[in-house]
file data-v8.txt (compact mmCIF, C-alpha atoms)
# COMPACT_ATOMS: atom_id res chain seq x y z
CA MET A 1 92.49 28.09 59.82
CA THR A 2 89.29 27.44 61.72
CA ALA A 3 86.22 26.93 59.54
CA LEU A 4 83.77 29.81 59.56
CA PRO A 5 80.13 29.10 60.35
CA ALA A 6 77.83 28.71 57.37
CA PRO A 7 75.06 31.31 57.38
CA LYS A 8 71.47 30.28 57.99
CA LEU A 9 68.31 32.14 57.09
CA ARG A 10 65.43 32.79 59.51
CA HIS A 11 62.15 34.10 58.12
CA ILE A 12 61.22 37.39 59.81
CA TYR A 13 58.15 38.58 57.88
CA ARG A 14 56.30 38.74 54.61
CA VAL A 15 55.17 42.13 53.44
CA ASP A 16 52.37 42.40 50.89
CA ALA A 17 52.26 45.96 49.57
CA GLU A 18 49.71 47.64 47.37
CA LEU A 19 51.13 50.02 44.78
CA ASP A 20 49.92 53.14 43.03
CA ALA A 21 50.62 53.88 39.37
CA PRO A 22 54.31 54.53 38.66
CA ILE A 23 55.51 58.09 38.25
CA ASP A 24 57.72 57.93 35.16
CA LEU A 25 60.46 60.57 35.23
CA GLY A 26 61.97 59.27 31.99
CA ASP A 27 65.63 58.92 31.06
CA THR A 28 67.79 60.70 33.62
CA PRO A 29 71.60 60.72 33.84
CA GLN A 30 71.30 57.72 36.23
CA GLY A 31 68.99 55.71 33.93
CA HIS A 32 65.25 55.42 33.33
CA ARG A 33 63.81 56.60 36.66
CA ARG A 34 60.42 55.52 37.98
CA ILE A 35 58.92 56.16 41.41
CA ILE A 36 56.37 53.57 42.48
CA PRO A 37 54.37 54.69 45.54
CA TRP A 38 53.54 52.09 48.21
CA THR A 39 49.98 52.86 49.32
CA GLY A 40 49.45 50.30 52.10
CA GLY A 41 49.54 46.65 53.01
CA ARG A 42 50.52 44.25 55.79
CA ALA A 43 53.60 42.56 57.18
CA GLU A 44 53.18 39.26 59.01
CA GLY A 45 55.85 37.29 60.84
CA PRO A 46 56.44 35.20 63.96
CA ASP A 47 57.66 38.19 66.02
CA PHE A 48 55.21 40.88 64.93
CA HIS A 49 52.23 41.79 62.74
CA ALA A 50 52.22 45.24 61.18
CA GLU A 51 50.44 47.66 58.92
CA LEU A 52 52.38 49.22 56.06
CA LEU A 53 51.83 52.95 56.47
CA ALA A 54 51.05 55.08 53.43
CA THR A 55 53.53 57.76 54.57
CA GLY A 56 55.57 58.28 51.45
CA GLY A 57 56.90 54.75 51.05
CA ALA A 58 58.01 53.98 47.51
CA ASP A 59 60.45 52.26 45.22
CA TRP A 60 62.74 54.85 43.62
CA GLN A 61 63.57 52.54 40.74
CA ILE A 62 66.03 52.65 37.85
CA VAL A 63 65.15 50.54 34.81
CA ARG A 64 68.23 49.45 32.87
CA PRO A 65 68.27 49.13 29.07
CA SER A 66 68.19 45.34 29.55
CA GLY A 67 64.83 45.63 31.33
CA SER A 68 66.35 44.78 34.71
CA SER A 69 65.37 47.14 37.50
CA VAL A 70 67.40 48.42 40.43
CA ALA A 71 65.28 48.88 43.54
CA ASP A 72 65.70 51.58 46.19
CA ILE A 73 62.73 50.90 48.49
CA ARG A 74 61.80 52.70 51.70
CA TYR A 75 58.70 52.16 53.82
CA THR A 76 57.37 52.31 57.38
CA LEU A 77 55.64 49.55 59.30
CA LYS A 78 53.53 50.04 62.43
CA THR A 79 53.18 46.87 64.50
CA ASP A 80 49.92 45.90 66.16
CA ARG A 81 51.60 46.94 69.45
CA GLY A 82 52.42 50.41 68.08
CA ALA A 83 56.13 50.01 67.33
CA LEU A 84 57.40 51.78 64.22
CA LEU A 85 59.90 50.14 61.86
CA TYR A 86 61.73 52.09 59.16
CA VAL A 87 62.77 49.70 56.38
CA GLN A 88 65.18 50.29 53.49
CA SER A 89 65.83 47.76 50.72
CA HIS A 90 68.24 47.82 47.81
CA GLY A 91 68.45 45.19 45.12
CA VAL A 92 67.73 44.10 41.59
CA ARG A 93 65.06 42.31 39.58
CA HIS A 94 66.34 40.59 36.45
CA GLY A 95 65.43 37.82 34.06
CA LYS A 96 64.98 36.90 30.44
CA PRO A 97 63.86 39.83 28.24
CA ASP A 98 60.47 38.28 27.42
CA VAL A 99 59.75 37.69 31.13
CA LEU A 100 60.72 41.26 32.03
CA ALA A 101 58.50 42.55 29.20
CA ARG A 102 55.56 40.61 30.64
CA LEU A 103 56.22 42.09 34.09
CA ALA A 104 56.46 45.59 32.58
CA ALA A 105 53.12 45.02 30.86
CA GLY A 106 51.53 44.30 34.24
CA GLU A 107 51.07 40.56 33.78
CA ASP A 108 51.20 38.16 36.70
CA VAL A 109 54.42 36.21 36.19
CA ASP A 110 55.47 33.24 38.32
CA PRO A 111 58.37 34.40 40.55
CA SER A 112 60.37 31.31 39.55
CA GLU A 113 60.75 32.88 36.07
CA TYR A 114 62.87 35.82 37.28
CA THR A 115 65.17 36.85 40.14
CA PHE A 116 64.12 39.59 42.57
CA ARG A 117 66.46 39.98 45.56
CA THR A 118 67.27 42.81 47.95
CA THR A 119 69.33 43.60 51.00
CA VAL A 120 67.28 45.05 53.85
CA SER A 121 68.01 47.24 56.87
CA ILE A 122 65.52 47.89 59.65
CA GLU A 123 65.54 50.67 62.27
CA THR A 124 63.32 50.88 65.32
CA ALA A 125 63.24 52.58 68.72
CA ALA A 126 61.06 49.81 70.18
CA PRO A 127 63.00 48.01 72.95
CA GLU A 128 61.25 44.69 72.29
CA LEU A 129 62.37 44.76 68.63
CA ALA A 130 65.79 46.38 69.14
CA TRP A 131 67.49 43.21 67.81
CA LEU A 132 66.25 44.24 64.33
CA ASN A 133 68.63 47.23 64.38
CA ASP A 134 71.68 44.94 64.34
CA GLY A 135 70.41 42.35 61.89
CA VAL A 136 71.66 41.61 58.40
CA PHE A 137 68.64 40.86 56.23
CA ILE A 138 67.91 39.76 52.69
CA ALA A 139 64.60 39.54 50.87
CA VAL A 140 63.09 37.58 48.01
CA GLY A 141 60.48 39.51 46.08
CA ALA A 142 57.66 38.90 43.64
CA ARG A 143 55.65 41.36 41.59
CA ARG A 144 51.87 40.95 41.59
CA ARG A 145 49.38 42.70 39.31
CA SER A 146 48.40 45.24 41.99
CA GLY A 147 51.39 45.05 44.26
CA VAL A 148 54.54 43.41 45.43
CA SER A 149 55.43 40.80 48.07
CA TYR A 150 58.70 40.26 49.89
CA ASP A 151 59.82 37.55 52.27
CA VAL A 152 62.43 39.08 54.59
CA TYR A 153 65.06 36.83 56.19
CA LEU A 154 67.62 37.38 58.92
CA VAL A 155 71.06 36.04 58.02
CA GLU A 156 72.23 34.17 61.13

call {"tool": "encode", "arguments": {"input": "data-v8.txt", "output": "structure tokens"}}
result
Amino acid sequence: MTALPAPKLRHIYRVDAELDAPIDLGDTPQGHRRIIPWTGGRAEGPDFHAELLATGGADWQIVRPSGSSVADIRYTLKTDRGALLYVQSHGVRHGKPDVLARLAAGEDVDPSEYTFRTTVSIETAAPELAWLNDGVFIAVGARRRSGVSYDVYLVE
């Protein structure tokens, strides 16, 4: 059998998002549900620079009994040229219980102390960015005191 090509990662952008206070729905049949509104921010990359629009973007999050959280993130970017990008991410943040407790308490924790990874899909009608519609993307995230940052990569 012919060897398959090994995937490579190409950095597409970093998004730095500001967050509002979580809306805590409590223990639902799916788990402990929190909604964390994304209130604004920026995305910067080699192919575009964009504003994160405060149009209802949020992380519809489930916190597991272990302290791990399952992310369901949706947000909209508007590039400096006016193109709109609809972004969806799904993933998990996990780590040692004491590290997750520090994150939950709002402390700044070095991202090397926990794992925060998502899959990402991007939709756009902009012809110059149409290649994003067919991409397979992953992201590495980090929680900050007032927000969150993600580096988004195209899997080539």

call {"tool": "closest_atom_pairs", "arguments": {"input": "data-v8.txt", "of": "segment 48-77 of chain A", "to": "segment 144-148 of chain A", "cutoff": "12 Å", "atoms": "only C-alpha atoms", "output": "CSV"}}
result
residue,atom,partner,partner_atom,distance
A:Ala58,CA,A:Val148,CA,11.3
A:Asp59,CA,A:Val148,CA,10.6
A:Ile73,CA,A:Val148,CA,11.5

call {"tool": "write_last_selection", "arguments": {"input": "data-v8.txt", "atoms": "C-alpha atoms", "output": "mmCIF file, keeping the file's coordinate frame"}}
result
data_model
loop_
_atom_site.group_PDB
_atom_site.id
_atom_site.type_symbol
_atom_site.label_atom_id
_atom_site.label_comp_id
_atom_site.auth_asym_id
_atom_site.auth_seq_id
_atom_site.Cartn_x
_atom_site.Cartn_y
_atom_site.Cartn_z
ATOM 1 C CA ALA A 58 58.010 53.980 47.510
ATOM 2 C CA ASP A 59 60.450 52.260 45.220
ATOM 3 C CA ILE A 73 62.730 50.900 48.490
#

call {"tool": "residues_around", "arguments": {"input": "data-v8.txt", "residues": "segment 95-101 of chain A", "least_positions_apart": "3", "cutoff": "7 Å", "atoms": "only C-alpha atoms", "output": "MDAnalysis selection string"}}
result
chainID A and resid 67 104:105 113:115

call {"tool": "closest_residue", "arguments": {"input": "data-v8.txt", "among": "A:Glu128, A:Glu18, A:Glu123, A:Glu107", "to": "Leu52 of chain A", "atoms": "all atoms listed in the file"}}
result
A:Glu18

call {"tool": "closest_residue", "arguments": {"input": "data-v8.txt", "among": "A:Leu53, A:Ala17, A:Ala126, A:Ala71", "to": "Asp151 of chain A", "atoms": "only C-alpha atoms"}}
result
A:Ala17

call {"tool": "closest_residue", "arguments": {"input": "data-v8.txt", "among": "A:Arg74, A:Arg10, A:Arg117, A:Arg34", "to": "Val92 of chain A", "atoms": "only C-alpha atoms"}}
result
A:Arg117

call {"tool": "closest_residue", "arguments": {"input": "data-v8.txt", "among": "A:Thr118, A:Asp134, A:Gly56, A:Ser112", "to": "Gly91 of chain A", "atoms": "all atoms listed in the file"}}
result
A:Thr118

call {"tool": "atom_distance", "arguments": {"input": "data-v8.txt", "atom1": "atom CA of Arg81 of chain A", "atom2": "atom CA of Ala43 of chain A"}}
result
13.2 Å

call {"tool": "decode", "arguments": {"input": "data-v8.txt", "residues": "segment 38-74 of chain A", "atoms": "N, CA and C atoms", "output": "compact mmCIF listing (two decimals), in the first residue's frame"}}
result
# COMPACT_ATOMS: atom_id res chain seq x y z
N TRP A 38 -19.32 36.05 24.13
CA TRP A 38 -18.13 36.67 23.55
C TRP A 38 -18.53 38.10 23.18
N THR A 39 -17.89 39.09 23.76
CA THR A 39 -18.31 40.47 23.61
C THR A 39 -17.50 41.27 22.60
N GLY A 40 -16.42 40.72 22.09
CA GLY A 40 -15.60 41.43 21.10
C GLY A 40 -14.18 40.93 21.13
N GLY A 41 -13.38 41.46 20.23
CA GLY A 41 -11.99 41.06 20.15
C GLY A 41 -11.47 41.19 18.73
N ARG A 42 -10.33 40.57 18.47
CA ARG A 42 -9.68 40.63 17.16
C ARG A 42 -9.16 39.26 16.76
N ALA A 43 -9.08 39.07 15.45
CA ALA A 43 -8.43 37.91 14.86
C ALA A 43 -7.37 38.43 13.90
N GLU A 44 -6.16 37.90 14.03
CA GLU A 44 -5.05 38.35 13.19
C GLU A 44 -4.37 37.13 12.58
N GLY A 45 -4.14 37.20 11.28
CA GLY A 45 -3.44 36.11 10.59
C GLY A 45 -2.80 36.61 9.32
N PRO A 46 -2.06 35.76 8.62
CA PRO A 46 -1.37 36.19 7.41
C PRO A 46 -2.31 36.52 6.25
N ASP A 47 -3.52 35.95 6.23
CA ASP A 47 -4.44 36.15 5.12
C ASP A 47 -5.52 37.19 5.39
N PHE A 48 -5.76 37.53 6.64
CA PHE A 48 -6.76 38.54 6.96
C PHE A 48 -6.59 39.02 8.40
N HIS A 49 -7.16 40.20 8.64
CA HIS A 49 -7.27 40.79 9.98
C HIS A 49 -8.75 41.07 10.17
N ALA A 50 -9.29 40.76 11.35
CA ALA A 50 -10.73 40.86 11.52
C ALA A 50 -11.11 41.28 12.93
N GLU A 51 -12.29 41.86 13.01
CA GLU A 51 -12.93 42.20 14.27
C GLU A 51 -13.88 41.07 14.64
N LEU A 52 -13.89 40.71 15.92
CA LEU A 52 -14.86 39.74 16.41
C LEU A 52 -16.12 40.53 16.76
N LEU A 53 -17.21 40.22 16.06
CA LEU A 53 -18.44 40.97 16.25
C LEU A 53 -19.18 40.48 17.49
N ALA A 54 -19.73 41.41 18.22
CA ALA A 54 -20.53 41.08 19.42
C ALA A 54 -21.98 40.87 18.98
N THR A 55 -22.20 39.82 18.19
CA THR A 55 -23.52 39.53 17.61
C THR A 55 -24.11 38.24 18.14
N GLY A 56 -23.90 37.95 19.38
CA GLY A 56 -24.45 36.73 19.94
C GLY A 56 -23.46 35.59 20.00
N GLY A 57 -22.18 35.85 19.73
CA GLY A 57 -21.18 34.81 19.85
C GLY A 57 -21.05 34.37 21.30
N ALA A 58 -20.82 33.08 21.49
CA ALA A 58 -20.71 32.56 22.85
C ALA A 58 -20.15 31.15 22.82
N ASP A 59 -19.81 30.68 24.01
CA ASP A 59 -19.46 29.28 24.24
C ASP A 59 -20.60 28.68 25.05
N TRP A 60 -21.35 27.76 24.42
CA TRP A 60 -22.42 27.04 25.09
C TRP A 60 -21.77 25.81 25.69
N GLN A 61 -21.31 25.93 26.90
CA GLN A 61 -20.36 25.01 27.52
C GLN A 61 -21.06 24.04 28.48
N ILE A 62 -20.54 22.83 28.51
CA ILE A 62 -20.94 21.83 29.51
C ILE A 62 -19.72 21.57 30.39
N VAL A 63 -19.89 21.69 31.70
CA VAL A 63 -18.82 21.38 32.63
C VAL A 63 -19.10 19.99 33.21
N ARG A 64 -18.16 19.10 33.01
CA ARG A 64 -18.28 17.72 33.50
C ARG A 64 -17.96 17.65 34.99
N PRO A 65 -18.42 16.60 35.66
CA PRO A 65 -18.11 16.45 37.09
C PRO A 65 -16.61 16.48 37.38
N SER A 66 -15.79 16.08 36.42
CA SER A 66 -14.33 16.08 36.60
C SER A 66 -13.75 17.50 36.58
N GLY A 67 -14.55 18.48 36.14
CA GLY A 67 -14.04 19.83 35.97
C GLY A 67 -13.67 20.13 34.53
N SER A 68 -13.57 19.10 33.69
CA SER A 68 -13.33 19.32 32.27
C SER A 68 -14.53 20.03 31.67
N SER A 69 -14.30 20.80 30.61
CA SER A 69 -15.41 21.48 29.96
C SER A 69 -15.44 21.14 28.48
N VAL A 70 -16.65 20.96 27.97
CA VAL A 70 -16.89 20.68 26.56
C VAL A 70 -17.36 21.97 25.92
N ALA A 71 -16.64 22.43 24.92
CA ALA A 71 -16.91 23.71 24.28
C ALA A 71 -17.77 23.53 23.03
N ASP A 72 -18.74 24.42 22.88
CA ASP A 72 -19.56 24.56 21.67
C ASP A 72 -19.58 26.06 21.39
N ILE A 73 -18.62 26.52 20.59
CA ILE A 73 -18.35 27.95 20.40
C ILE A 73 -18.80 28.38 19.01
N ARG A 74 -19.48 29.51 18.95
CA ARG A 74 -19.88 30.09 17.67
C ARG A 74 -19.65 31.60 17.73
